[in-house]
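Dropping target.cif in here (mmCIF, C-alpha atoms):
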```cif
data_protein
#
loop_
_atom_site.group_PDB
_atom_site.id
_atom_site.type_symbol
_atom_site.label_atom_id
_atom_site.label_comp_id
_atom_site.auth_asym_id
_atom_site.auth_seq_id
_atom_site.Cartn_x
_atom_site.Cartn_y
_atom_site.Cartn_z
ATOM 1 C CA MET A 1 0.000 0.000 0.000
ATOM 2 C CA LYS A 2 1.245 3.499 -0.873
ATOM 3 C CA LYS A 3 0.175 6.790 0.674
ATOM 4 C CA ILE A 4 0.208 9.812 -1.626
ATOM 5 C CA ALA A 5 -0.026 13.446 -0.553
ATOM 6 C CA LEU A 6 -1.718 15.859 -2.979
ATOM 7 C CA ILE A 7 -0.920 19.561 -2.848
ATOM 8 C CA SER A 8 -1.491 22.528 -5.143
ATOM 9 C CA ASP A 9 -1.231 26.279 -5.404
ATOM 10 C CA THR A 10 1.553 26.873 -2.895
ATOM 11 C CA HIS A 11 2.447 30.137 -4.657
ATOM 12 C CA GLY A 12 5.970 30.148 -3.279
ATOM 13 C CA ARG A 13 4.965 29.576 0.340
ATOM 14 C CA LEU A 14 4.614 26.406 2.348
ATOM 15 C CA ASP A 15 2.761 26.869 5.625
ATOM 16 C CA GLU A 16 4.555 25.152 8.521
ATOM 17 C CA ARG A 17 1.262 23.508 9.510
ATOM 18 C CA ILE A 18 1.066 21.795 6.131
ATOM 19 C CA LEU A 19 4.610 20.550 6.569
ATOM 20 C CA GLY A 20 3.581 19.300 10.017
ATOM 21 C CA ILE A 21 0.626 17.384 8.551
ATOM 22 C CA LEU A 22 2.862 15.935 5.837
ATOM 23 C CA PHE A 23 5.472 14.763 8.359
ATOM 24 C CA GLU A 24 2.700 13.282 10.516
ATOM 25 C CA GLU A 25 1.058 11.439 7.601
ATOM 26 C CA ARG A 26 4.406 10.196 6.197
ATOM 27 C CA PRO A 27 3.424 9.871 2.522
ATOM 28 C CA ASP A 28 5.439 7.696 0.156
ATOM 29 C CA LEU A 29 5.006 10.291 -2.620
ATOM 30 C CA ILE A 30 3.864 13.900 -2.986
ATOM 31 C CA ILE A 31 2.057 15.124 -6.107
ATOM 32 C CA HIS A 32 2.074 18.909 -6.604
ATOM 33 C CA ALA A 33 -0.603 20.066 -9.076
ATOM 34 C CA GLY A 34 1.018 23.358 -10.066
ATOM 35 C CA ASP A 35 1.492 27.001 -9.159
ATOM 36 C CA ILE A 36 4.610 26.034 -7.240
ATOM 37 C CA CYS A 37 6.117 29.505 -7.670
ATOM 38 C CA GLY A 38 9.563 28.755 -6.336
ATOM 39 C CA SER A 39 12.113 25.945 -6.224
ATOM 40 C CA PRO A 40 12.407 26.136 -2.405
ATOM 41 C CA VAL A 41 8.854 24.733 -2.134
ATOM 42 C CA LEU A 42 9.833 21.611 -4.062
ATOM 43 C CA LYS A 43 13.004 21.245 -1.983
ATOM 44 C CA GLU A 44 11.026 21.446 1.274
ATOM 45 C CA LEU A 45 8.507 18.900 0.022
ATOM 46 C CA ALA A 46 11.332 16.590 -1.099
ATOM 47 C CA ASN A 47 12.505 16.507 2.534
ATOM 48 C CA VAL A 48 9.244 14.676 3.298
ATOM 49 C CA ALA A 49 8.951 12.334 0.273
ATOM 50 C CA PRO A 50 9.756 12.150 -3.454
ATOM 51 C CA VAL A 51 7.823 14.779 -5.444
ATOM 52 C CA ILE A 52 6.093 14.702 -8.816
ATOM 53 C CA ALA A 53 5.098 18.229 -9.874
ATOM 54 C CA VAL A 54 3.552 19.978 -12.861
ATOM 55 C CA LEU A 55 3.709 23.571 -14.034
ATOM 56 C CA GLY A 56 0.852 25.932 -13.202
ATOM 57 C CA ASN A 57 -0.168 29.131 -14.953
ATOM 58 C CA ASN A 58 2.054 31.121 -12.546
ATOM 59 C CA ASP A 59 5.118 28.891 -12.988
ATOM 60 C CA PHE A 60 7.990 29.269 -15.380
ATOM 61 C CA ASP A 61 10.264 26.643 -16.835
ATOM 62 C CA GLU A 62 12.659 26.951 -13.887
ATOM 63 C CA TYR A 63 12.391 23.548 -12.210
ATOM 64 C CA GLY A 64 14.156 21.450 -14.816
ATOM 65 C CA GLU A 65 12.878 18.971 -17.344
ATOM 66 C CA ASP A 66 11.201 16.772 -14.710
ATOM 67 C CA VAL A 67 8.470 19.389 -14.172
ATOM 68 C CA GLN A 68 6.291 19.719 -17.268
ATOM 69 C CA LEU A 69 2.694 20.782 -17.984
ATOM 70 C CA PHE A 70 1.394 17.263 -17.347
ATOM 71 C CA ALA A 71 2.489 14.144 -15.516
ATOM 72 C CA HIS A 72 1.277 10.571 -15.996
ATOM 73 C CA PRO A 73 2.634 8.611 -13.029
ATOM 74 C CA VAL A 74 1.547 5.087 -12.199
ATOM 75 C CA VAL A 75 1.675 4.420 -8.470
ATOM 76 C CA ASP A 76 1.164 0.878 -7.209
ATOM 77 C CA GLY A 77 -0.840 0.097 -10.351
ATOM 78 C CA VAL A 78 -3.044 3.229 -10.230
ATOM 79 C CA ARG A 79 -2.764 5.504 -13.306
ATOM 80 C CA PHE A 80 -2.734 9.251 -12.621
ATOM 81 C CA LEU A 81 -3.112 12.254 -14.887
ATOM 82 C CA VAL A 82 -1.833 15.437 -13.244
ATOM 83 C CA GLY A 83 -2.206 18.957 -14.616
ATOM 84 C CA HIS A 84 -2.927 22.365 -13.205
ATOM 85 C CA ILE A 85 -5.912 23.704 -15.128
ATOM 86 C CA PRO A 86 -9.087 21.567 -14.915
ATOM 87 C CA ARG A 87 -10.122 21.941 -18.562
ATOM 88 C CA ASP A 88 -6.723 20.598 -19.675
ATOM 89 C CA VAL A 89 -7.127 17.294 -17.817
ATOM 90 C CA GLN A 90 -10.867 16.635 -17.837
ATOM 91 C CA ILE A 91 -11.665 14.086 -20.507
ATOM 92 C CA GLY A 92 -14.524 14.781 -22.900
ATOM 93 C CA PHE A 93 -15.758 13.250 -26.137
ATOM 94 C CA ASN A 94 -12.774 14.720 -27.968
ATOM 95 C CA GLY A 95 -10.224 13.569 -25.372
ATOM 96 C CA CYS A 96 -8.263 16.229 -23.545
ATOM 97 C CA ARG A 97 -5.165 18.345 -23.977
ATOM 98 C CA ALA A 98 -3.117 16.182 -21.594
ATOM 99 C CA LEU A 99 -3.673 12.867 -23.399
ATOM 100 C CA SER A 100 -2.624 11.679 -26.818
ATOM 101 C CA ALA A 101 -4.600 9.264 -28.938
ATOM 102 C CA GLY A 102 -4.122 5.777 -27.574
ATOM 103 C CA ASP A 103 -3.047 6.883 -24.078
ATOM 104 C CA PRO A 104 -4.726 4.834 -21.363
ATOM 105 C CA ILE A 105 -7.573 6.439 -19.434
ATOM 106 C CA PRO A 106 -6.302 7.503 -15.993
ATOM 107 C CA ASP A 107 -7.843 6.137 -12.831
ATOM 108 C CA VAL A 108 -7.300 9.442 -11.005
ATOM 109 C CA ILE A 109 -7.194 12.975 -12.420
ATOM 110 C CA VAL A 110 -5.502 15.539 -10.172
ATOM 111 C CA HIS A 111 -5.646 19.278 -10.829
ATOM 112 C CA GLY A 112 -5.311 22.585 -9.013
ATOM 113 C CA HIS A 113 -5.913 26.161 -10.188
ATOM 114 C CA THR A 114 -9.350 26.838 -8.673
ATOM 115 C CA HIS A 115 -8.096 26.956 -5.053
ATOM 116 C CA VAL A 116 -11.255 25.056 -4.084
ATOM 117 C CA PRO A 117 -11.103 21.408 -2.916
ATOM 118 C CA ARG A 118 -12.869 18.943 -5.200
ATOM 119 C CA LEU A 119 -13.491 15.227 -4.904
ATOM 120 C CA GLU A 120 -15.649 13.617 -7.580
ATOM 121 C CA TYR A 121 -16.165 9.942 -8.308
ATOM 122 C CA GLY A 122 -18.566 7.657 -10.103
ATOM 123 C CA PRO A 123 -20.472 9.160 -13.064
ATOM 124 C CA ALA A 124 -19.225 12.692 -12.218
ATOM 125 C CA ALA A 125 -15.606 11.620 -12.789
ATOM 126 C CA ARG A 126 -16.053 9.456 -15.882
ATOM 127 C CA PRO A 127 -14.213 8.173 -17.752
ATOM 128 C CA ALA A 128 -11.743 8.333 -14.833
ATOM 129 C CA GLN A 129 -12.685 6.902 -11.456
ATOM 130 C CA PHE A 130 -11.817 10.065 -9.497
ATOM 131 C CA ILE A 131 -11.183 13.773 -10.056
ATOM 132 C CA VAL A 132 -9.357 15.422 -7.176
ATOM 133 C CA ASN A 133 -8.316 18.993 -6.477
ATOM 134 C CA PRO A 134 -6.547 19.205 -3.107
ATOM 135 C CA GLY A 135 -7.526 22.869 -2.848
ATOM 136 C CA SER A 136 -4.995 25.555 -2.104
ATOM 137 C CA ALA A 137 -2.064 25.342 0.260
ATOM 138 C CA PHE A 138 -1.712 29.136 0.301
ATOM 139 C CA ARG A 139 -4.615 31.243 -1.027
ATOM 140 C CA PRO A 140 -7.877 29.388 -0.387
ATOM 141 C CA ARG A 141 -11.097 30.407 -2.105
ATOM 142 C CA SER A 142 -13.509 28.330 -0.061
ATOM 143 C CA GLU A 143 -14.808 27.991 3.468
ATOM 144 C CA PHE A 144 -12.416 25.060 3.969
ATOM 145 C CA GLY A 145 -9.332 27.285 4.177
ATOM 146 C CA ARG A 146 -5.892 25.942 3.294
ATOM 147 C CA THR A 147 -6.039 22.271 2.401
ATOM 148 C CA VAL A 148 -3.957 19.280 1.332
ATOM 149 C CA GLY A 149 -5.081 15.835 0.162
ATOM 150 C CA PHE A 150 -4.098 12.259 0.921
ATOM 151 C CA MET A 151 -4.911 9.003 -0.770
ATOM 152 C CA GLU A 152 -3.961 5.393 -0.314
ATOM 153 C CA VAL A 153 -3.549 3.049 -3.262
ATOM 154 C CA ASP A 154 -2.854 -0.651 -3.331
ATOM 155 C CA ALA A 155 -2.499 -3.166 -6.155
ATOM 156 C CA GLY A 156 -4.203 -0.988 -8.764
ATOM 157 C CA MET A 157 -7.032 0.208 -6.514
ATOM 158 C CA VAL A 158 -7.723 3.495 -4.739
ATOM 159 C CA LYS A 159 -8.459 2.614 -1.108
ATOM 160 C CA ASP A 160 -9.255 6.012 0.352
ATOM 161 C CA ILE A 161 -9.058 9.742 -0.352
ATOM 162 C CA ARG A 162 -9.130 12.578 2.178
ATOM 163 C CA ILE A 163 -8.760 16.321 1.819
ATOM 164 C CA VAL A 164 -7.877 17.912 5.143
ATOM 165 C CA ASP A 165 -7.582 21.458 6.439
ATOM 166 C CA LEU A 166 -4.612 22.828 8.382
ATOM 167 C CA ASP A 167 -6.001 21.429 11.623
ATOM 168 C CA GLY A 168 -5.996 17.956 10.072
ATOM 169 C CA LYS A 169 -9.806 17.893 9.960
ATOM 170 C CA SER A 170 -11.208 16.024 6.948
ATOM 171 C CA VAL A 171 -13.269 18.275 4.691
ATOM 172 C CA LEU A 172 -13.909 15.815 1.833
ATOM 173 C CA VAL A 173 -13.648 12.023 2.116
ATOM 174 C CA TRP A 174 -14.065 8.926 -0.034
ATOM 175 C CA PRO A 175 -15.391 6.425 0.719
ATOM 176 C CA GLU A 176 -18.053 8.379 2.523
ATOM 177 C CA LYS A 177 -18.464 7.343 6.144
ATOM 178 C CA ALA A 178 -21.986 6.525 7.299
#
```
In C-alpha cells, how does this file's structure come out?
Amino acid sequence: MKKIALISDTHGRLDERILGILFEERPDLIIHAGDICGSPVLKELANVAPVIAVLGNNDFDEYGEDVQLFAHPVVDGVRFLVGHIPRDVQIGFNGCRALSAGDPIPDVIVHGHTHVPRLEYGPAARPAQFIVNPGSAFRPRSEFGRTVGFMEVDAGMVKDIRIVDLDGKSVLVWPEKA
C-alpha cells in the first residue's frame, strides 16, 4: 500500500502547519498540481517524500525537465493524470489536452488552479474513477481554508481519499463514512 499526498497552489509559500501534517502522515510520494512559484517549495517537500510536480499558470520553466505541464505517473498500479488547469485534464468526447490518442484512461485525475477542494467519483468523474483537487495550500477560495489531500492506493485500486484542512480535519472524504 502506498500513501500519496496531494498539494497545489503553494504560490511560493509552504505553511509550517502543512509541513507538520505531511510529516505526521508520512506519505510515500507527494504530487504537486502546479502554481509552485519557487524551487524552495519543491526542496522542502522533497525533505518529506519524493515529489512529482507539474507547471501551473504562474510557474515558469525553472524547475528542470522533470516538471512539465502534465504528468502521468503510475503508483502501485493506479494511473494518474496530473495537470494544473481543470479543462486541460478533464476528458470529454474529444479527449483532452493532456492525453494523446491511444493513451490509457487515468484512474485518477488531479488538478489545481481553482483553489477550491474537489473530490468527484462515479459518473461525475467518468471516464476516470476520481477527479481530485486538493484545494490551495496558500490562497484558499472556499470555506475550507488551506487544504492538502491524501490518498492510499494498493495493487491498482484506490483505497481512500481525504482532503484535510490545516487542523488535520477532513473536509472531503471517499469512501463516505456513514
Would you compute the distance between atom CA of Ile21 of chain A and atom CA of Leu166 of chain A? Give it in Å to one decimal.
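Atom-to-atom, atom CA of Ile21 of chain A to atom CA of Leu166 of chain A, that is 7.6 Å.
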One number please: atom CA of Val41 of chain A to atom CA of Cys96 of chain A, in Å, one decimal.
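It comes out at 28.7 Å.
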Target residues per the PyMOL selection byres ((chain A and resi 108-113) around 6), formatted as a ChimeraX atom specification:
/A:8,33,80-86,106-107,114-115,128-133
Do you know which residues lie at most 9 Å from (1.4, 28.5, -13.3), with coordinates as in the file and all atoms listed in the file counted, and could you write them as a list in words?
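Output: Asp9, His11, Gly34, Asp35, Ile36, Cys37, Val54, Leu55, Gly56, Asn57, Asn58, Asp59, Phe60, His84, Ile85 and His113 of chain A.
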Go ahead and write the selection's residues with C-alpha atoms as a CSV table (one decimal), in the frame of the given file.
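result_18.csv was written with the following content:
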```
chain,number,residue,atom,x,y,z
A,9,ASP,CA,-1.2,26.3,-5.4
A,11,HIS,CA,2.4,30.1,-4.7
A,34,GLY,CA,1.0,23.4,-10.1
A,35,ASP,CA,1.5,27.0,-9.2
A,36,ILE,CA,4.6,26.0,-7.2
A,37,CYS,CA,6.1,29.5,-7.7
A,54,VAL,CA,3.6,20.0,-12.9
A,55,LEU,CA,3.7,23.6,-14.0
A,56,GLY,CA,0.9,25.9,-13.2
A,57,ASN,CA,-0.2,29.1,-15.0
A,58,ASN,CA,2.1,31.1,-12.5
A,59,ASP,CA,5.1,28.9,-13.0
A,60,PHE,CA,8.0,29.3,-15.4
A,84,HIS,CA,-2.9,22.4,-13.2
A,85,ILE,CA,-5.9,23.7,-15.1
A,113,HIS,CA,-5.9,26.2,-10.2
```
Need the shell around Ile161 of chain A: protein/DNA/RNA residues with any atom at most 6 Å away, counting only C-alpha atoms. Skip same-chain ones fewer than 3 positions apart. Format as a VMD selection string?
chain A and resid 150 to 151 173 to 174
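Put simply, the PyMOL selection byres ((chain A and resi 49-53) around 6) in this file takes in Asp28, Leu29, Ile30, Ile31, His32, Ala46, Asn47, Val48, Val54 and Val67 of chain A.
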Could you give me, as a PyMOL selection string, the residues that sit within 12 Å of (-3.1, 32.2, 1.0) in the file's coordinates, counting all atoms listed in the file?
chain A and resi 8-15+115-116+135-142+145-147
Quick one: apply the PyMOL selection byres ((chain A and resi 25) around 12) to the file and drop the selected residues here as JSON, numbers by chain.
{"A": [2, 3, 4, 5, 6, 18, 19, 20, 21, 22, 23, 24, 26, 27, 28, 29, 30, 48, 49, 148, 149, 150, 151, 152, 162, 164, 168]}
Suppose you want the space between atom CA of Gly64 of chain A and atom CA of Ser39 of chain A; what is it in Å?
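Interatomic distance here is 9.9 Å.
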Give the padded box for segment 25-38 of chain A as JSON: axis-aligned, covering all atoms listed in the file, 5 Å on each side, centre and edge lengths in Å to one decimal.
```
{"center_x": 4.5, "center_y": 18.6, "center_z": -1.2, "size_x": 20.2, "size_y": 31.8, "size_z": 27.7}
```
Using only C-alpha atoms, the residue out of A:Pro73, A:Leu119, A:Pro127, A:Arg79 with shortest distance to Gly95 of chain A is A:Pro127
Name the closest residue to Asp88 of chain A among the candidates A:Asp103, A:Pro40, A:Phe70, A:Val75; distances are taken between atoms, counting only C-alpha atoms.
A:Phe70
Between A:Gly38, A:Gly77, A:Pro104, A:Pro175, single out the one closest to Tyr63 of chain A, counting all atoms listed in the file.
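Looking at the shortest contact to Tyr63 of chain A, the residue is A:Gly38.
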Option closest in space to Leu172 of chain A, from A:Lys159, A:Ala71, A:Pro134, A:Val153 [counting all atoms listed in the file]:
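Checking each candidate against Leu172 of chain A, we get A:Pro134 as the closest.
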